[in-house]
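Asker: Quick one, model.cif (mmCIF, C-alpha atoms and all ligand atoms):
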data_upload
#
loop_
_atom_site.label_atom_id
_atom_site.label_comp_id
_atom_site.auth_asym_id
_atom_site.auth_seq_id
_atom_site.Cartn_x
_atom_site.Cartn_y
_atom_site.Cartn_z
CA MET O 1231 -3.11 -15.38 -3.67
CA GLU O 1232 -5.19 -15.31 -0.59
CA VAL O 1233 -8.41 -13.31 -0.36
CA VAL O 1234 -9.66 -12.65 3.17
CA ILE O 1235 -13.18 -11.24 3.44
CA THR O 1236 -13.62 -9.77 6.89
CA GLU O 1237 -15.43 -7.11 8.85
CA ASN O 1238 -12.11 -6.21 10.47
CA PRO O 1239 -9.63 -5.58 7.66
CA GLY O 1240 -7.43 -3.44 9.92
CA ILE O 1241 -6.95 -6.27 12.39
CA VAL O 1242 -6.33 -8.97 9.77
CA ALA O 1243 -3.83 -6.79 7.90
CA ALA O 1244 -2.12 -5.88 11.18
CA ASP O 1245 -1.81 -9.61 11.92
CA ALA O 1246 -0.16 -10.16 8.53
CA ILE O 1247 2.30 -7.32 9.05
CA ALA O 1248 3.07 -8.01 12.69
CA ALA O 1249 4.03 -11.57 11.73
CA HIS O 1250 7.03 -10.12 9.83
CA VAL O 1251 8.17 -7.61 12.44
CA ARG O 1252 11.50 -8.24 14.08
CA ARG O 1253 14.79 -6.32 14.33
CA GLY O 1254 15.89 -5.52 10.77
CA THR O 1255 12.46 -5.80 9.15
CA VAL O 1256 11.84 -3.38 6.28
CA LEU O 1257 8.21 -2.25 6.06
CA GLY O 1258 6.64 -0.85 2.90
CA LEU O 1259 3.96 1.65 3.85
CA ALA O 1260 1.00 3.11 1.94
CA THR O 1261 -0.97 6.29 2.41
CA GLY O 1262 -4.67 6.90 1.76
CA SER O 1263 -7.55 6.14 4.12
CA SER O 1264 -7.56 2.32 3.84
CA PRO O 1265 -4.33 1.66 5.78
CA LEU O 1266 -5.22 3.96 8.69
CA PRO O 1267 -6.97 1.27 10.79
CA VAL O 1268 -3.94 -0.97 10.21
CA TYR O 1269 -1.59 1.68 11.59
CA ALA O 1270 -3.90 2.34 14.54
CA GLU O 1271 -4.00 -1.39 15.33
CA LEU O 1272 -0.22 -1.78 15.05
CA LEU O 1273 0.31 1.19 17.39
CA ARG O 1274 -2.22 -0.26 19.82
CA ARG O 1275 -0.30 -3.55 19.84
CA ARG O 1276 2.99 -1.69 20.32
CA ASP O 1277 1.49 0.10 23.33
CA ALA O 1278 0.32 -3.26 24.69
CA GLY O 1279 3.82 -4.72 24.25
CA ALA O 1280 2.63 -7.24 21.65
CA VAL O 1281 4.87 -5.89 18.90
CA VAL O 1282 8.24 -4.13 19.10
CA PHE O 1283 9.49 -1.84 16.33
CA ASP O 1284 13.12 -1.55 17.49
CA GLY O 1285 15.44 -1.90 14.49
CA VAL O 1286 12.56 -1.68 12.00
CA ARG O 1287 12.69 0.79 9.10
CA ALA O 1288 10.22 1.80 6.43
CA PHE O 1289 9.77 3.08 2.88
CA THR O 1290 6.71 4.73 1.40
CA LEU O 1291 5.27 4.01 -2.03
CA ASP O 1292 4.86 7.41 -3.58
CA GLU O 1293 4.77 11.18 -3.29
CA TYR O 1294 3.27 14.22 -4.98
CA VAL O 1295 5.72 16.13 -7.19
CA GLY O 1296 6.13 19.76 -6.19
CA LEU O 1297 4.63 19.42 -2.72
CA PRO O 1298 7.17 20.24 0.01
CA ARG O 1299 7.75 17.37 2.43
CA SER O 1300 6.61 19.76 5.16
CA HIS O 1301 3.16 20.18 3.53
CA PRO O 1302 0.57 18.43 5.74
CA GLN O 1303 -0.72 16.40 2.75
CA SER O 1304 2.67 15.29 1.46
CA TYR O 1305 2.76 11.52 1.82
CA TYR O 1306 5.97 11.88 3.82
CA SER O 1307 4.14 14.09 6.36
CA VAL O 1308 1.07 11.86 6.40
CA ILE O 1309 2.94 8.63 7.06
CA ARG O 1310 5.06 10.24 9.78
CA ARG O 1311 2.00 11.73 11.48
CA GLU O 1312 -0.16 8.60 11.21
CA PHE O 1313 2.38 5.93 11.95
CA THR O 1314 6.14 6.14 11.80
CA ASP O 1315 6.71 9.02 14.26
CA PRO O 1316 4.52 7.51 16.99
CA ALA O 1317 6.00 4.09 16.21
CA GLY O 1318 9.58 5.44 16.35
CA ILE O 1319 10.36 3.98 12.91
CA PRO O 1320 12.72 5.84 10.54
CA VAL O 1321 11.06 6.29 7.14
CA ASP O 1322 12.27 7.22 3.69
CA GLY O 1323 10.09 8.31 0.79
CA PRO O 1324 10.58 9.68 -2.69
CA ASP O 1325 11.27 13.42 -2.48
CA GLY O 1326 8.75 15.13 -4.75
CA GLU O 1327 10.64 18.40 -4.45
CA ALA O 1328 14.00 17.06 -5.61
CA ALA O 1329 15.70 19.35 -8.14
CA ASP O 1330 16.56 16.32 -10.30
CA ILE O 1331 13.51 14.10 -10.10
CA GLN O 1332 15.04 11.30 -12.22
CA ALA O 1333 18.09 11.21 -9.96
CA GLU O 1334 15.74 11.03 -6.97
CA ALA O 1335 13.95 8.05 -8.51
CA THR O 1336 17.30 6.31 -8.95
CA ARG O 1337 18.33 7.19 -5.39
CA TYR O 1338 15.11 5.78 -4.01
CA GLU O 1339 15.41 2.46 -5.84
CA ALA O 1340 18.98 2.15 -4.54
CA ALA O 1341 17.92 2.99 -0.97
CA ILE O 1342 15.33 0.20 -0.97
CA ARG O 1343 17.84 -2.22 -2.47
CA ASP O 1344 20.56 -1.22 0.02
CA ALA O 1345 18.13 -1.85 2.89
CA GLY O 1346 17.80 -5.42 1.65
CA GLY O 1347 14.38 -4.93 0.00
CA VAL O 1348 10.93 -4.67 1.51
CA ASP O 1349 9.82 -7.58 3.69
CA VAL O 1350 6.13 -6.73 3.83
CA GLN O 1351 4.41 -4.09 1.73
CA LEU O 1352 1.04 -2.65 2.70
CA LEU O 1353 -1.06 -1.48 -0.26
CA GLY O 1354 -4.35 0.28 -0.87
CA ILE O 1355 -6.05 0.36 -4.25
CA GLY O 1356 -7.43 3.28 -6.22
CA THR O 1357 -10.93 3.20 -7.69
CA ASP O 1358 -9.27 2.81 -11.11
CA GLY O 1359 -7.14 -0.11 -9.90
CA HIS O 1360 -3.92 1.81 -9.26
CA ILE O 1361 -1.44 0.76 -6.60
CA GLY O 1362 1.06 3.32 -5.40
CA PHE O 1363 0.35 5.89 -8.06
CA ASN O 1364 0.69 3.47 -10.98
CA GLU O 1365 -2.26 4.57 -13.06
CA PRO O 1366 -3.90 2.44 -15.79
CA GLY O 1367 -1.47 2.13 -18.67
CA SER O 1368 1.53 1.71 -16.37
CA SER O 1369 4.15 -0.77 -17.50
CA LEU O 1370 3.83 -3.94 -15.47
CA ALA O 1371 7.65 -3.90 -15.20
CA SER O 1372 7.93 -0.21 -14.25
CA ARG O 1373 10.41 1.19 -11.73
CA THR O 1374 10.23 4.35 -9.61
CA ARG O 1375 9.41 7.25 -11.94
CA VAL O 1376 7.17 10.25 -12.52
CA LYS O 1377 3.53 9.58 -13.40
CA THR O 1378 0.64 11.86 -14.33
CA LEU O 1379 -2.53 11.36 -12.28
CA THR O 1380 -5.82 10.59 -13.99
CA PRO O 1381 -8.69 13.05 -13.51
CA GLN O 1382 -10.44 10.31 -11.51
CA THR O 1383 -7.57 9.93 -9.04
CA ARG O 1384 -7.24 13.70 -8.67
CA ALA O 1385 -10.98 13.88 -7.93
CA ASP O 1386 -10.71 10.99 -5.44
CA ASN O 1387 -7.86 12.72 -3.61
CA ALA O 1388 -9.40 16.22 -3.69
CA ARG O 1389 -10.85 15.59 -0.21
CA PHE O 1390 -7.37 16.02 1.24
CA PHE O 1391 -6.90 19.48 -0.30
CA ASP O 1392 -8.73 22.82 -0.15
CA SER O 1393 -9.89 22.43 -3.74
CA ALA O 1394 -9.66 19.87 -6.56
CA ASP O 1395 -7.32 22.20 -8.43
CA ASP O 1396 -4.84 21.99 -5.57
CA VAL O 1397 -4.26 18.25 -6.11
CA PRO O 1398 -0.86 17.96 -7.83
CA VAL O 1399 -0.88 16.61 -11.39
CA HIS O 1400 2.41 14.73 -11.16
CA VAL O 1401 3.69 12.16 -8.69
CA LEU O 1402 6.79 10.09 -8.05
CA THR O 1403 5.90 6.46 -7.42
CA GLN O 1404 7.51 3.09 -6.98
CA GLY O 1405 6.88 1.14 -10.16
CA LEU O 1406 4.90 -2.05 -10.41
CA GLY O 1407 8.17 -3.94 -10.90
CA THR O 1408 9.52 -2.30 -7.74
CA ILE O 1409 6.46 -3.22 -5.70
CA LEU O 1410 6.56 -6.83 -6.94
CA GLU O 1411 10.01 -7.27 -5.35
CA ALA O 1412 8.61 -7.09 -1.81
CA GLU O 1413 8.45 -10.49 -0.14
CA HIS O 1414 4.82 -10.27 1.02
CA LEU O 1415 2.18 -7.89 -0.34
CA VAL O 1416 -0.86 -7.06 1.79
CA LEU O 1417 -3.59 -5.08 0.01
CA VAL O 1418 -6.42 -3.57 2.05
CA ALA O 1419 -9.65 -2.38 0.43
CA THR O 1420 -12.90 -1.29 2.05
CA GLY O 1421 -16.21 0.05 0.83
CA SER O 1422 -18.36 -0.41 -2.26
CA GLY O 1423 -16.35 2.15 -4.20
CA LYS O 1424 -13.51 -0.37 -4.38
CA ALA O 1425 -15.59 -3.41 -5.41
CA ALA O 1426 -14.98 -3.13 -9.17
CA ALA O 1427 -11.26 -2.46 -8.74
CA VAL O 1428 -10.86 -5.40 -6.33
CA ALA O 1429 -12.68 -7.78 -8.70
CA ALA O 1430 -10.56 -6.63 -11.64
CA ALA O 1431 -7.36 -6.99 -9.60
CA VAL O 1432 -8.12 -10.45 -8.20
CA GLU O 1433 -10.16 -12.08 -10.96
CA GLY O 1434 -9.70 -9.99 -14.08
CA PRO O 1435 -7.08 -10.47 -16.76
CA VAL O 1436 -3.57 -9.33 -15.88
CA GLY O 1437 -3.04 -6.11 -17.74
CA ALA O 1438 -2.11 -2.46 -17.60
CA MET O 1439 -5.75 -1.34 -17.55
CA CYS O 1440 -5.93 -2.57 -13.95
CA PRO O 1441 -2.42 -2.10 -12.56
CA ALA O 1442 -3.24 -4.03 -9.35
CA SER O 1443 -3.92 -7.12 -11.49
CA VAL O 1444 -0.14 -7.50 -11.73
CA LEU O 1445 -0.29 -8.82 -8.16
CA GLN O 1446 -1.56 -12.08 -9.67
CA LEU O 1447 2.03 -12.64 -10.78
CA HIS O 1448 3.38 -12.41 -7.22
CA PRO O 1449 3.75 -15.61 -5.19
CA TYR O 1450 2.74 -14.16 -1.81
CA VAL O 1451 -0.17 -11.71 -1.83
CA THR O 1452 -2.94 -11.26 0.73
CA PHE O 1453 -6.01 -9.25 -0.25
CA VAL O 1454 -7.88 -8.12 2.86
CA VAL O 1455 -11.33 -6.77 1.98
CA ASP O 1456 -14.58 -6.01 3.72
CA GLU O 1457 -17.93 -7.33 2.48
CA ALA O 1458 -18.65 -4.18 0.47
CA ALA O 1459 -15.31 -4.28 -1.34
CA ALA O 1460 -15.80 -8.02 -1.97
CA ALA O 1461 -19.24 -7.54 -3.55
CA ASP O 1462 -18.12 -8.11 -7.16
CA LEU O 1463 -15.88 -11.12 -6.52
CA ARG O 1464 -17.22 -14.14 -8.42
CA LEU O 1465 -15.45 -16.60 -6.13
CA ALA O 1466 -16.33 -14.87 -2.85
CA ASP O 1467 -17.98 -17.99 -1.43
CA TYR O 1468 -14.89 -20.03 -2.30
CA TYR O 1469 -12.60 -17.52 -0.55
CA ARG O 1470 -14.80 -17.77 2.56
CA PHE O 1471 -14.66 -21.58 2.33
CA VAL O 1472 -10.87 -21.46 2.07
CA ALA O 1473 -10.69 -19.24 5.16
CA ASP O 1474 -13.04 -21.51 7.10
CA HIS O 1475 -10.87 -24.54 6.28
CA LYS O 1476 -7.50 -22.97 6.77
CA PRO O 1477 -5.08 -25.10 8.78
CA GLN O 1478 -4.60 -23.51 12.19
CA ASP O 1479 -0.83 -23.32 12.01
CA GLN O 1480 -0.72 -21.23 8.82
CA GLY O 1481 -1.66 -17.87 10.29
CA TRP O 1482 -3.02 -15.16 8.02
C1 LIG I 1501 -3.73 7.16 -3.34
C2 LIG I 1501 -2.45 6.42 -3.01
C3 LIG I 1501 -2.61 4.92 -3.08
C4 LIG I 1501 -3.86 4.51 -2.34
C5 LIG I 1501 -5.06 5.17 -2.96
C6 LIG I 1501 -6.38 4.76 -2.34
O1 LIG I 1501 -3.93 7.32 -4.69
N1 LIG I 1501 -1.37 6.80 -3.89
O2 LIG I 1501 -1.46 4.30 -2.52
O3 LIG I 1501 -4.00 3.12 -2.37
O4 LIG I 1501 -4.90 6.57 -2.80
O5 LIG I 1501 -6.62 5.54 -1.21
P1 LIG I 1501 -7.78 5.29 -0.16
O6 LIG I 1501 -7.33 4.16 0.66
O7 LIG I 1501 -7.87 6.56 0.59
O8 LIG I 1501 -8.99 4.99 -0.95
#
Starting from the coordinates I provided, produce the structure as C-alpha cells.

Answerer:
Amino acid sequence: MEVVITENPGIVAADAIAAHVRRGTVLGLATGSSPLPVYAELLRRRDAGAVVFDGVRAFTLDEYVGLPRSHPQSYYSVIRREFTDPAGIPVDGPDGEAADIQAEATRYEAAIRDAGGVDVQLLGIGTDGHIGFNEPGSSLASRTRVKTLTPQTRADNARFFDSADDVPVHVLTQGLGTILEAEHLVLVATGSGKAAAVAAAVEGPVGAMCPASVLQLHPYVTFVVDEAAAADLRLADYYRFVADHKPQDQGW
C-alpha cells in the first residue's frame, strides 16, 4: 500500500490514472464528490493533449435501485455528465431499473470480465468506510449484488436529492471481491469527515466493519488523502518520509 498525503489529491490521483491510459485501457470510475477534481484534471490534460482517451472504456461501481438512468442523480447520469461524455469514453454501469436485478448483477460482472477486467479503479470512501456501496457487514468476497444503505449513508447522500426521504434505500454495487480484481486501486479521500474511515481502512484490522480495510489485501493500492483526511493516521509521518525518499523513476 502507498499512502500519499497531499494538498492536491486530484492531481496526484490523475497522475496515477493517466499512467495507465492507453488504447484498450479499462477505467473503473467512482461517483461522489471526492473524484470530481480527478475528472476535472484528467479532462484538462486531455484538452492540453497530455492524455488521449481513444480506445478507452469505463465501468462504474454502483447505482441506486429504482432510479431511472435518466434521473440527474443516477450514478450513470452523474458519471456521464462529469466525465465520460466530455471525455468521449463509453461507459457501462449497473442498471438499477432492470426488471431482473439479479440477472443485471450477473450481466454486469460478465461485462467487466469480457472487457478484460479493470486496469485502474478510482474509489472514494464513505464516512462509515464503505467503498462502492459495500456497507459495513459486507462480505469481503462479495460480488455485484443488491445492498441496503445505512441511515448514515442515506443522510450523507441526501445533499444530492430534494429531501432525505428521496434517497433510495437499495443499491446495486460491485462487490468487494469484484473491486479487488482491478489491477490498481486509487482511493481519494478529502476532509476531516473522512479521517476516521481512512485510518480504519489503512491501519485498522481487516474486517467487514470497515469494508475499505479489505484493500489491505490488494497488492497495488494508492491512498491519496489531504491533510484533514490523514489526521487520524498513526504512521502519517512515515508515509511522508516514504514519499520524500521515493526513487524518482517509480512515479506515483
Ligand atoms: C457514495 C458512493 C461511493 C463514494 C461515497 C463517498 O456512497 N457510492 O462510491 O465513495 O459516496 O462520496 P463523497 O466522495 O461524496 O464523500

Asker: Quick one: of O:Glu1433, O:Glu1312, O:Asp1386, O:Asp1462, who's nearest to O:Ala1270, counting all atoms listed in the file?

Answerer: O:Glu1312

Asker: Pick out the closest residue to ligand LIG 1501 (chain I) from this set: O:Leu1415, O:Ala1345, O:Leu1291, O:Ala1329. Count all atoms listed in the file.

Answerer: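 When distances to ligand LIG 1501 (chain I) are compared using all atoms listed in the file, the smallest one comes from O:Leu1291.
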
Asker: Set out as a tab-separated table a contact list for chain O and ligand LIG 1501 (chain I) with a cut-off of 9 Å, giving each residue of chain O that qualifies its closest atom pair and distance in Å to one decimal, counting all atoms listed in the file, ordered by chain and rising residue number.

Answerer:
residue	atom	partner	partner_atom	distance
O:Leu1259	CA	I:LIG1501	O2	8.8
O:Ala1260	CA	I:LIG1501	O2	5.2
O:Thr1261	CA	I:LIG1501	O2	5.3
O:Gly1262	CA	I:LIG1501	O7	3.4
O:Ser1263	CA	I:LIG1501	O7	3.6
O:Ser1264	CA	I:LIG1501	O6	3.7
O:Pro1265	CA	I:LIG1501	O6	6.4
O:Leu1266	CA	I:LIG1501	O6	8.3
O:Leu1291	CA	I:LIG1501	O2	6.8
O:Asp1292	CA	I:LIG1501	N1	6.3
O:Glu1293	CA	I:LIG1501	N1	7.6
O:Tyr1294	CA	I:LIG1501	N1	8.8
O:Tyr1305	CA	I:LIG1501	N1	8.5
O:Leu1353	CA	I:LIG1501	O3	5.9
O:Gly1354	CA	I:LIG1501	O3	3.2
O:Ile1355	CA	I:LIG1501	O3	3.9
O:Gly1356	CA	I:LIG1501	C6	4.3
O:Thr1357	CA	I:LIG1501	C6	7.2
O:Gly1359	CA	I:LIG1501	O3	8.8
O:His1360	CA	I:LIG1501	O3	7.0
O:Ile1361	CA	I:LIG1501	O2	5.4
O:Gly1362	CA	I:LIG1501	O2	4.0
O:Phe1363	CA	I:LIG1501	N1	4.6
O:Asn1364	CA	I:LIG1501	N1	8.1
O:Glu1365	CA	I:LIG1501	O1	9.0
O:Leu1379	CA	I:LIG1501	O1	8.7
O:Thr1383	CA	I:LIG1501	O1	6.2
O:Arg1384	CA	I:LIG1501	O1	8.2
O:Asp1386	CA	I:LIG1501	O8	7.7
O:Asn1387	CA	I:LIG1501	O1	6.8
O:Val1401	CA	I:LIG1501	N1	8.8
O:Thr1403	CA	I:LIG1501	N1	8.1
O:Leu1417	CA	I:LIG1501	O3	8.5
O:Val1418	CA	I:LIG1501	O6	7.9
O:Ala1419	CA	I:LIG1501	O6	6.9
O:Thr1420	CA	I:LIG1501	O6	7.9
O:Gly1421	CA	I:LIG1501	O8	8.9
O:Gly1423	CA	I:LIG1501	O8	8.5
O:Lys1424	CA	I:LIG1501	O8	7.8

Asker: Which residues are close to O:Phe1283, i.e. within 7 Å by only C-alpha atoms, leaving aside same-chain residues fewer than 2 positions away? Reply as an MDAnalysis selection string.

Answerer: chainID O and resid 1281 1285:1286 1317 1319

Asker: Could you give me, as a list of chain:residue names, the residues within 10 Å of O:Glu1237, counting all atoms listed in the file and dropping anything in the same chain fewer than 3 positions from it?

Answerer: O:Val1234, O:Gly1240, O:Ile1241, O:Val1242, O:Thr1420, O:Val1454, O:Val1455, O:Asp1456, O:Glu1457, O:Ala1458
